[in-house]
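Data file: upload.csv. Format and content: CSV, C-alpha atoms (C1' of nucleotides).
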```
chain,number,residue,atom,x,y,z
A,29,MET,CA,0.0,0.0,0.0
A,30,SER,CA,1.9,3.1,1.1
A,31,SER,CA,4.0,3.9,-1.8
A,32,ALA,CA,6.5,6.5,-2.9
A,33,LYS,CA,4.5,8.6,-5.3
A,34,THR,CA,5.9,11.2,-7.6
A,35,ASN,CA,5.5,14.2,-5.4
A,36,ALA,CA,7.8,17.0,-4.2
A,37,PRO,CA,10.3,15.3,-1.9
A,38,SER,CA,10.9,18.2,0.4
A,39,SER,CA,9.0,21.3,1.3
A,40,PRO,CA,10.6,23.9,3.5
A,41,ASP,CA,8.4,24.1,6.6
A,42,ALA,CA,6.0,21.2,6.3
A,43,LYS,CA,7.0,19.6,9.6
A,44,PRO,CA,3.6,18.7,11.1
A,45,CYS,CA,2.2,18.1,7.6
A,46,LYS,CA,4.9,15.6,6.7
A,47,ALA,CA,4.4,13.6,9.9
A,48,LEU,CA,0.6,13.8,9.5
A,49,GLY,CA,0.9,12.7,5.9
A,50,ASN,CA,2.8,9.7,6.9
A,51,ILE,CA,0.3,8.7,9.5
A,52,LEU,CA,-2.6,9.2,7.2
A,53,ASP,CA,-1.0,7.1,4.6
A,54,ARG,CA,-1.0,4.3,7.2
A,55,VAL,CA,-4.2,5.0,9.1
A,56,GLY,CA,-6.3,6.9,6.6
A,57,ASP,CA,-7.3,3.9,4.7
A,58,LYS,CA,-10.5,2.0,5.1
A,59,TRP,CA,-9.2,-1.5,5.8
A,60,THR,CA,-6.6,-0.4,8.2
A,61,VAL,CA,-9.1,1.3,10.4
A,62,MET,CA,-11.5,-1.6,10.3
A,63,VAL,CA,-8.7,-4.1,11.1
A,64,VAL,CA,-7.4,-2.0,14.0
A,65,GLY,CA,-10.9,-1.5,15.3
A,66,ASN,CA,-11.6,-5.2,15.3
A,67,LEU,CA,-8.3,-6.1,16.8
A,68,SER,CA,-8.8,-3.6,19.6
A,69,ASN,CA,-11.1,-6.2,21.3
A,70,GLY,CA,-8.4,-8.8,21.4
A,71,PRO,CA,-6.4,-11.2,19.1
A,72,MET,CA,-8.0,-12.7,16.1
A,73,ARG,CA,-7.2,-15.2,13.4
A,74,PHE,CA,-6.9,-14.4,9.8
A,75,ASN,CA,-10.2,-15.8,8.7
A,76,ALA,CA,-12.1,-14.4,11.7
A,77,LEU,CA,-10.7,-11.0,10.7
A,78,GLN,CA,-11.8,-11.4,7.1
A,79,ARG,CA,-15.3,-12.3,8.3
A,80,ALA,CA,-15.4,-9.4,10.7
A,81,VAL,CA,-14.2,-6.8,8.2
A,82,ALA,CA,-17.1,-6.9,5.8
A,83,GLY,CA,-16.0,-6.7,2.1
A,84,VAL,CA,-12.3,-7.0,2.5
A,85,SER,CA,-10.7,-9.4,0.0
A,86,HIS,CA,-8.2,-12.0,1.0
A,87,ARG,CA,-5.5,-10.1,-0.8
A,88,MET,CA,-6.2,-6.7,0.8
A,89,LEU,CA,-6.4,-8.2,4.3
A,90,THR,CA,-3.0,-9.7,3.8
A,91,LEU,CA,-1.5,-6.5,2.5
A,92,THR,CA,-3.1,-4.5,5.3
A,93,LEU,CA,-1.9,-6.8,8.0
A,94,ARG,CA,1.6,-6.8,6.5
A,95,GLY,CA,1.7,-3.0,6.5
A,96,LEU,CA,0.5,-2.9,10.1
A,97,GLU,CA,3.0,-5.5,11.1
A,98,ARG,CA,5.8,-3.6,9.4
A,99,ASP,CA,4.9,-0.5,11.2
A,100,GLY,CA,4.9,-2.2,14.5
A,101,LEU,CA,1.2,-1.7,15.1
A,102,VAL,CA,0.2,-5.4,14.9
A,103,ARG,CA,2.0,-8.5,16.1
A,104,ARG,CA,1.7,-11.7,14.0
A,105,THR,CA,2.0,-15.1,15.8
A,106,ALA,CA,2.1,-18.2,13.7
A,107,PHE,CA,1.5,-21.7,15.2
A,108,ALA,CA,3.2,-24.6,13.5
A,109,THR,CA,0.1,-26.7,13.6
A,110,VAL,CA,-1.9,-28.4,10.9
A,111,PRO,CA,-3.9,-26.7,9.7
A,112,PRO,CA,-1.9,-23.6,10.4
A,113,ARG,CA,-3.1,-21.0,12.7
A,114,VAL,CA,-2.0,-17.4,12.8
A,115,ASP,CA,-3.1,-14.8,15.4
A,116,TYR,CA,-3.0,-11.1,15.0
A,117,GLU,CA,-3.1,-8.7,17.9
A,118,LEU,CA,-2.4,-5.1,18.5
A,119,THR,CA,0.9,-4.1,20.0
A,120,ALA,CA,1.2,-1.3,22.6
A,121,LEU,CA,1.7,1.1,19.7
A,122,GLY,CA,-1.4,-0.3,18.0
A,123,HIS,CA,-3.5,0.1,21.1
A,124,SER,CA,-2.3,3.7,21.4
A,125,LEU,CA,-4.1,4.3,18.2
A,126,LYS,CA,-7.4,3.3,19.5
A,127,PRO,CA,-8.3,6.5,21.3
A,128,LEU,CA,-7.6,8.4,18.2
A,129,LEU,CA,-10.0,6.3,16.2
A,130,GLU,CA,-12.6,6.8,18.9
A,131,VAL,CA,-12.2,10.6,18.6
A,132,LEU,CA,-12.5,10.4,14.9
A,133,ALA,CA,-15.5,8.1,15.1
A,134,GLU,CA,-17.2,10.5,17.5
A,135,TRP,CA,-16.6,13.4,15.2
A,136,ALA,CA,-17.9,11.3,12.4
A,137,LYS,CA,-21.0,10.3,14.3
A,138,THR,CA,-21.7,13.9,15.4
A,139,ASN,CA,-21.3,15.5,12.0
A,140,GLN,CA,-22.3,13.0,9.4
A,141,VAL,CA,-25.8,14.2,9.3
A,142,ALA,CA,-24.6,17.8,8.7
A,143,ILE,CA,-22.3,16.6,6.0
A,144,GLU,CA,-25.0,14.5,4.3
A,145,HIS,CA,-27.3,17.5,4.4
A,146,ALA,CA,-24.6,19.8,2.9
A,147,ARG,CA,-24.1,17.3,0.1
A,148,GLU,CA,-27.7,17.3,-0.8
A,149,LEU,CA,-27.8,21.0,-0.9
A,150,PHE,CA,-24.7,21.1,-3.1
A,151,ASP,CA,-25.8,18.4,-5.4
A,152,GLN,CA,-29.2,19.6,-6.3
B,23,MET,CA,-18.7,10.7,24.5
B,24,SER,CA,-18.3,7.5,22.7
B,25,SER,CA,-20.2,5.3,25.0
B,26,ALA,CA,-20.8,3.0,22.1
B,27,LYS,CA,-21.9,-0.6,22.8
B,28,THR,CA,-24.7,0.5,25.1
B,29,ASN,CA,-27.1,-0.2,22.4
B,30,ALA,CA,-25.4,-2.4,19.9
B,31,PRO,CA,-27.7,-5.3,19.3
B,32,SER,CA,-25.8,-7.6,17.0
B,33,SER,CA,-22.4,-6.3,15.7
B,34,PRO,CA,-20.3,-4.7,18.3
B,35,ASP,CA,-18.6,-1.8,16.5
B,36,ALA,CA,-19.9,-2.1,13.0
B,37,LYS,CA,-21.8,1.2,13.2
B,38,PRO,CA,-19.0,3.5,14.2
B,39,CYS,CA,-16.9,1.9,11.5
B,40,LYS,CA,-19.3,2.8,8.8
B,41,ALA,CA,-19.4,6.5,9.9
B,42,LEU,CA,-15.7,6.5,10.4
B,43,GLY,CA,-15.2,5.1,6.9
B,44,ASN,CA,-17.2,7.9,5.5
B,45,ILE,CA,-15.1,10.5,7.3
B,46,LEU,CA,-11.8,8.9,6.4
B,47,ASP,CA,-12.9,9.0,2.7
B,48,ARG,CA,-13.2,12.7,3.1
B,49,VAL,CA,-10.4,13.5,5.5
B,50,GLY,CA,-8.0,10.7,5.1
B,51,ASP,CA,-6.5,12.1,2.0
B,52,LYS,CA,-3.3,14.1,1.8
B,53,TRP,CA,-4.5,17.2,0.1
B,54,THR,CA,-7.6,17.6,2.1
B,55,VAL,CA,-5.6,17.6,5.3
B,56,MET,CA,-3.1,20.1,4.0
B,57,VAL,CA,-5.8,22.4,2.7
B,58,VAL,CA,-7.8,22.4,5.9
B,59,GLY,CA,-4.6,22.9,7.9
B,60,ASN,CA,-3.7,26.0,5.8
B,61,LEU,CA,-7.2,27.4,5.9
B,62,SER,CA,-7.4,27.0,9.7
B,63,ASN,CA,-5.4,30.2,9.9
B,64,GLY,CA,-7.9,32.2,7.9
B,65,PRO,CA,-9.3,32.6,4.4
B,66,MET,CA,-7.0,32.2,1.4
B,67,ARG,CA,-7.2,32.7,-2.3
B,68,PHE,CA,-6.9,29.8,-4.7
B,69,ASN,CA,-3.3,30.6,-5.8
B,70,ALA,CA,-2.2,31.3,-2.3
B,71,LEU,CA,-3.5,27.9,-1.3
B,72,GLN,CA,-1.7,26.3,-4.2
B,73,ARG,CA,1.6,27.9,-3.2
B,74,ALA,CA,1.0,26.9,0.5
B,75,VAL,CA,0.2,23.3,-0.2
B,76,ALA,CA,3.5,22.1,-1.6
B,77,GLY,CA,3.1,19.8,-4.6
B,78,VAL,CA,-0.6,20.0,-5.2
B,79,SER,CA,-1.6,20.4,-8.9
B,80,HIS,CA,-4.0,22.9,-10.1
B,81,ARG,CA,-6.5,20.1,-10.8
B,82,MET,CA,-6.3,18.4,-7.5
B,83,LEU,CA,-6.6,21.6,-5.6
B,84,THR,CA,-9.8,22.3,-7.5
B,85,LEU,CA,-11.2,18.9,-6.8
B,86,THR,CA,-10.2,18.9,-3.2
B,87,LEU,CA,-11.8,22.3,-2.6
B,88,ARG,CA,-15.0,21.2,-4.5
B,89,GLY,CA,-15.2,18.1,-2.2
B,90,LEU,CA,-14.7,20.1,0.9
B,91,GLU,CA,-17.3,22.7,-0.3
B,92,ARG,CA,-19.7,20.0,-1.1
B,93,ASP,CA,-19.4,18.5,2.4
B,94,GLY,CA,-19.9,21.9,4.0
B,95,LEU,CA,-16.4,22.2,5.4
B,96,VAL,CA,-15.3,25.0,3.3
B,97,ARG,CA,-17.1,28.1,2.0
B,98,ARG,CA,-16.3,29.5,-1.4
B,99,THR,CA,-16.7,33.2,-2.0
B,100,ALA,CA,-16.2,34.6,-5.5
B,101,PHE,CA,-15.8,38.3,-6.2
B,102,ALA,CA,-17.0,39.5,-9.6
B,103,THR,CA,-13.9,41.6,-10.2
B,104,VAL,CA,-11.3,41.5,-13.0
B,105,PRO,CA,-9.2,39.6,-12.5
B,106,PRO,CA,-11.5,37.3,-10.6
B,107,ARG,CA,-10.8,36.6,-6.9
B,108,VAL,CA,-12.1,33.7,-4.9
B,109,ASP,CA,-11.7,33.2,-1.2
B,110,TYR,CA,-11.9,29.9,0.6
B,111,GLU,CA,-12.4,29.7,4.3
B,112,LEU,CA,-13.4,27.0,6.7
B,113,THR,CA,-17.0,26.9,7.9
B,114,ALA,CA,-17.8,26.2,11.5
B,115,LEU,CA,-17.9,22.5,10.6
B,116,GLY,CA,-14.5,22.8,9.0
B,117,HIS,CA,-13.1,24.5,12.0
B,118,SER,CA,-14.4,21.7,14.2
B,119,LEU,CA,-12.1,19.4,12.4
B,120,LYS,CA,-9.0,21.3,13.4
B,121,PRO,CA,-8.6,19.8,16.9
B,122,LEU,CA,-8.8,16.4,15.4
B,123,LEU,CA,-6.0,17.0,13.0
B,124,GLU,CA,-4.0,18.3,15.9
B,125,VAL,CA,-4.6,15.2,17.9
B,126,LEU,CA,-3.5,13.1,14.9
B,127,ALA,CA,-0.5,15.3,14.2
B,128,GLU,CA,0.5,14.9,17.8
B,129,TRP,CA,0.2,11.1,17.7
B,130,ALA,CA,2.2,11.2,14.5
B,131,LYS,CA,4.9,13.3,15.9
B,132,THR,CA,5.1,11.2,19.1
B,133,ASN,CA,5.2,7.8,17.3
B,134,GLN,CA,6.8,8.3,14.0
B,135,VAL,CA,10.3,7.4,15.3
B,136,ALA,CA,8.9,4.2,16.7
B,137,ILE,CA,7.3,3.4,13.4
B,138,GLU,CA,10.3,4.1,11.4
B,139,HIS,CA,12.3,1.9,13.7
B,140,ALA,CA,9.8,-0.9,13.4
B,141,ARG,CA,10.0,-0.6,9.6
B,142,GLU,CA,13.7,-0.9,9.6
B,143,LEU,CA,13.6,-4.0,11.7
B,144,PHE,CA,10.9,-5.5,9.5
B,145,ASP,CA,12.6,-4.6,6.2
B,146,GLN,CA,16.1,-6.0,6.9
C,1,DC,C1',-6.2,-22.3,7.2
C,2,DA,C1',-2.9,-18.9,5.8
C,3,DG,C1',-0.3,-16.9,2.3
C,4,DT,C1',1.6,-15.8,-2.5
C,5,DA,C1',1.4,-14.8,-7.5
C,6,DT,C1',-0.7,-13.3,-11.6
C,7,DC,C1',-3.9,-11.0,-14.4
C,8,DC,C1',-6.5,-7.1,-15.6
C,9,DA,C1',-10.3,-3.5,-15.2
C,10,DG,C1',-11.1,0.7,-12.9
C,11,DT,C1',-9.5,4.8,-10.9
C,12,DC,C1',-6.4,8.4,-9.7
C,13,DG,C1',-3.8,12.2,-10.7
C,14,DG,C1',-0.3,15.1,-13.3
C,15,DA,C1',0.4,17.7,-17.5
C,16,DT,C1',-1.4,20.5,-20.8
C,17,DA,C1',-4.4,23.5,-23.2
C,18,DC,C1',-8.3,26.4,-23.3
C,19,DT,C1',-12.2,29.8,-21.4
C,20,DG,C1',-14.2,33.8,-18.9
D,17,DC,C1',-6.7,34.8,-11.5
D,18,DA,C1',-9.8,30.9,-11.2
D,19,DG,C1',-11.7,27.1,-13.4
D,20,DT,C1',-12.7,23.3,-16.8
D,21,DA,C1',-11.8,19.6,-20.2
D,22,DT,C1',-9.0,16.1,-22.1
D,23,DC,C1',-5.3,12.9,-22.5
D,24,DC,C1',-2.8,9.2,-20.6
D,25,DG,C1',0.5,6.7,-17.6
D,26,DA,C1',0.6,4.8,-12.9
D,27,DC,C1',-1.2,2.7,-9.3
D,28,DT,C1',-5.0,0.1,-6.9
D,29,DG,C1',-7.4,-3.6,-5.7
D,30,DG,C1',-10.6,-7.7,-6.8
D,31,DA,C1',-10.8,-12.3,-8.8
D,32,DT,C1',-8.6,-16.4,-9.4
D,33,DA,C1',-5.5,-20.1,-9.0
D,34,DC,C1',-1.9,-22.3,-6.7
D,35,DT,C1',1.4,-23.7,-2.5
D,36,DG,C1',2.6,-25.3,2.3
```

If you took the structure in this file and wrote it as structure tokens, what would it be?
Amino acid sequence: MSSAKTNAPSSPDAKPCKALGNILDRVGDKWTVMVVGNLSNGPMRFNALQRAVAGVSHRMLTLTLRGLERDGLVRRTAFATVPPRVDYELTALGHSLKPLLEVLAEWAKTNQVAIEHARELFDQ
Amino acid sequence: MSSAKTNAPSSPDAKPCKALGNILDRVGDKWTVMVVGNLSNGPMRFNALQRAVAGVSHRMLTLTLRGLERDGLVRRTAFATVPPRVDYELTALGHSLKPLLEVLAEWAKTNQVAIEHARELFDQ
DNA sequence: CAGTATCCAGTCGGATACTG
DNA sequence: CAGTATCCGACTGGATACTG
């Protein structure tokens, strides 16, 4: 997912923006949020996660989990059993993200009606 | 605040996820964040905005502003002068987004070193 | 069950050119 | 100055098939 796009590599005083941009590349995507949200209740296996996150494809779930694991937000634990079993759980860093998502969710819940109304006005 | 689960009959946190998804589709994009960040200091004209938001193309700035206007986060004011002048400014709804971005930015600043470190570990 | 590889259609976004 | 339209390459992500 997060890829190096063809954009200006450096901008003079974009210090909070740059950090924020990095975070949003990680967190600002649909599947990431849903995965973290589900994992915040405890560890889950791959297929359980796929069932929980409605609409995610096998491929995207894999990629999302890889990304989160790479960034140290999720820990992957594989059991050498047959059939194989792999648990995913949030790390401390991953858990620290939870309150942020709650704040976002709260804002979303509070304002989504206003936004939908604004859209209707604009679209007509 | 997000008491959640008090009235969740079947799926624990499926509902906030949907609302959150909507919001992230709007806010979780690079240009949107940068535009809102810049406008939070006061109204700006189109070209000023383009200069401020490093790397944004003319086209994407237009599209971003349209989207924000549509959602009622930004107000567009055109002056019938020659040459034309158009001011963009945050609405109250747009301003309410600012603290959220600050929280995100703070988390980003706090944890980006940890994330970068995790990436190095993972990539080697 | 978990994960990888390949294919390919749809979308995104930059560059460019043109209008009022 | 502000905005729109078009072209087109790059990237995304779903579907599918295969491995351990």

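Proximity to chain D at a cut-off of 7 Å picks out Pro105, Pro106 and Arg107 of chain B on chain B, counting only C-alpha atoms (C1' of nucleotides).
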
At most 8 Å is the cut-off: for each residue in chain C with any atom that close to an atom of chain A, write down the nearest atom pair and the distance in Å rounded to one decimal, counting all atoms listed in the file, chain first then increasing number, as JSON lines.
```
{"residue": "C:DC1", "atom": "C1'", "partner": "A:Pro112", "partner_atom": "CA", "distance": 5.5}
{"residue": "C:DA2", "atom": "C1'", "partner": "A:Pro112", "partner_atom": "CA", "distance": 6.7}
{"residue": "C:DG3", "atom": "C1'", "partner": "A:Thr90", "partner_atom": "CA", "distance": 7.8}
```

Give me the chain B side of the contact with chain A, cut-off 6 Å, one line per residue showing its nearest atom pair and distance in Å at one decimal, counting all atoms listed in the file, sorted by chain and residue number, as a tab-separated table.
```
residue	atom	partner	partner_atom	distance
B:Pro38	CA	A:Ala133	CA	5.8
B:Ala41	CA	A:Ala136	CA	5.6
B:Leu42	CA	A:Ala133	CA	5.0
B:Gly43	CA	A:Lys58	CA	5.9
B:Ile45	CA	A:Ala136	CA	5.9
B:Leu46	CA	A:Gly56	CA	5.9
B:Gly50	CA	A:Gly56	CA	4.4
B:Gly77	CA	A:Ala36	CA	5.5
B:Arg92	CA	A:Arg147	CA	5.3
B:Asp93	CA	A:Ile143	CA	5.0
B:Gly94	CA	A:Ala146	CA	5.3
B:Ala127	CA	A:Leu48	CA	5.1
B:Ala130	CA	A:Ala47	CA	5.6
B:Ile137	CA	A:Asp99	CA	5.1
B:Ala140	CA	A:Gly100	CA	5.2
B:Arg141	CA	A:Arg98	CA	5.2
B:Phe144	CA	A:Arg98	CA	5.4
```

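Overlaying the C-alpha atoms of chain A on those of chain B by least squares yields an RMSD of 6.3 Å.
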
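Using all atoms listed in the file, the smallest distance between any of B:Gln146, B:Thr99, B:Ser79, B:Thr86 and Val58 of chain B comes from B:Thr86.
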
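Atom to atom, atom CA of Glu111 of chain B and atom CA of Pro65 of chain B stand 4.2 Å apart.
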
Box dimensions and centre (Å, one decimal) enclosing segment 81-98 of chain B, axis-aligned, 5 Å extra per side, as JSON:
```
{"center_x": -13.1, "center_y": 23.8, "center_z": -2.7, "size_x": 23.6, "size_y": 21.4, "size_z": 26.2}
```

message = Report, in Å with one decimal, the straight-line distance from atom CA of Val57 of chain B to atom CA of Pro121 of chain B.
response = 14.7 Å

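Picture a line from atom CA of Ala108 of chain A to atom CA of Val84 of chain A; it runs 25.9 Å.
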
Rebuild segment 78-94 of chain B to N, CA and C atoms - output it as a short mmCIF file (atom, residue, chain, number, x, y, z; two decimals), in the frame of the given file, please.
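The file below, rebuild-v4.cif, is the result:
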```cif
data_model
loop_
_atom_site.label_atom_id
_atom_site.label_comp_id
_atom_site.auth_asym_id
_atom_site.auth_seq_id
_atom_site.Cartn_x
_atom_site.Cartn_y
_atom_site.Cartn_z
N VAL B 78 0.78 20.26 -4.71
CA VAL B 78 -0.60 20.00 -5.20
C VAL B 78 -0.71 20.60 -6.63
N SER B 79 -1.34 19.84 -7.50
CA SER B 79 -1.60 20.40 -8.90
C SER B 79 -2.81 21.21 -8.86
N HIS B 80 -2.88 22.02 -9.88
CA HIS B 80 -4.00 22.90 -10.10
C HIS B 80 -5.32 22.06 -10.00
N ARG B 81 -5.32 21.00 -10.73
CA ARG B 81 -6.50 20.10 -10.80
C ARG B 81 -6.89 19.56 -9.48
N MET B 82 -5.93 19.00 -8.78
CA MET B 82 -6.30 18.40 -7.50
C MET B 82 -6.70 19.37 -6.46
N LEU B 83 -6.15 20.56 -6.51
CA LEU B 83 -6.60 21.60 -5.60
C LEU B 83 -8.06 21.91 -5.83
N THR B 84 -8.38 22.06 -7.10
CA THR B 84 -9.80 22.30 -7.50
C THR B 84 -10.69 21.22 -6.95
N LEU B 85 -10.33 20.00 -7.25
CA LEU B 85 -11.20 18.90 -6.80
C LEU B 85 -11.29 18.78 -5.33
N THR B 86 -10.19 18.98 -4.65
CA THR B 86 -10.20 18.90 -3.20
C THR B 86 -11.12 19.98 -2.62
N LEU B 87 -10.99 21.19 -3.13
CA LEU B 87 -11.80 22.30 -2.60
C LEU B 87 -13.30 22.04 -2.94
N ARG B 88 -13.59 21.49 -4.13
CA ARG B 88 -15.00 21.20 -4.50
C ARG B 88 -15.56 20.18 -3.47
N GLY B 89 -14.74 19.17 -3.17
CA GLY B 89 -15.20 18.10 -2.20
C GLY B 89 -15.48 18.72 -0.87
N LEU B 90 -14.59 19.55 -0.42
CA LEU B 90 -14.70 20.10 0.90
C LEU B 90 -15.93 21.09 0.93
N GLU B 91 -16.13 21.78 -0.19
CA GLU B 91 -17.30 22.70 -0.30
C GLU B 91 -18.57 21.90 -0.26
N ARG B 92 -18.55 20.84 -1.00
CA ARG B 92 -19.70 20.00 -1.10
C ARG B 92 -20.13 19.44 0.29
N ASP B 93 -19.13 19.12 1.08
CA ASP B 93 -19.40 18.50 2.40
C ASP B 93 -19.63 19.61 3.46
N GLY B 94 -19.62 20.87 3.04
CA GLY B 94 -19.90 21.90 4.00
C GLY B 94 -18.76 22.23 4.94
#
```
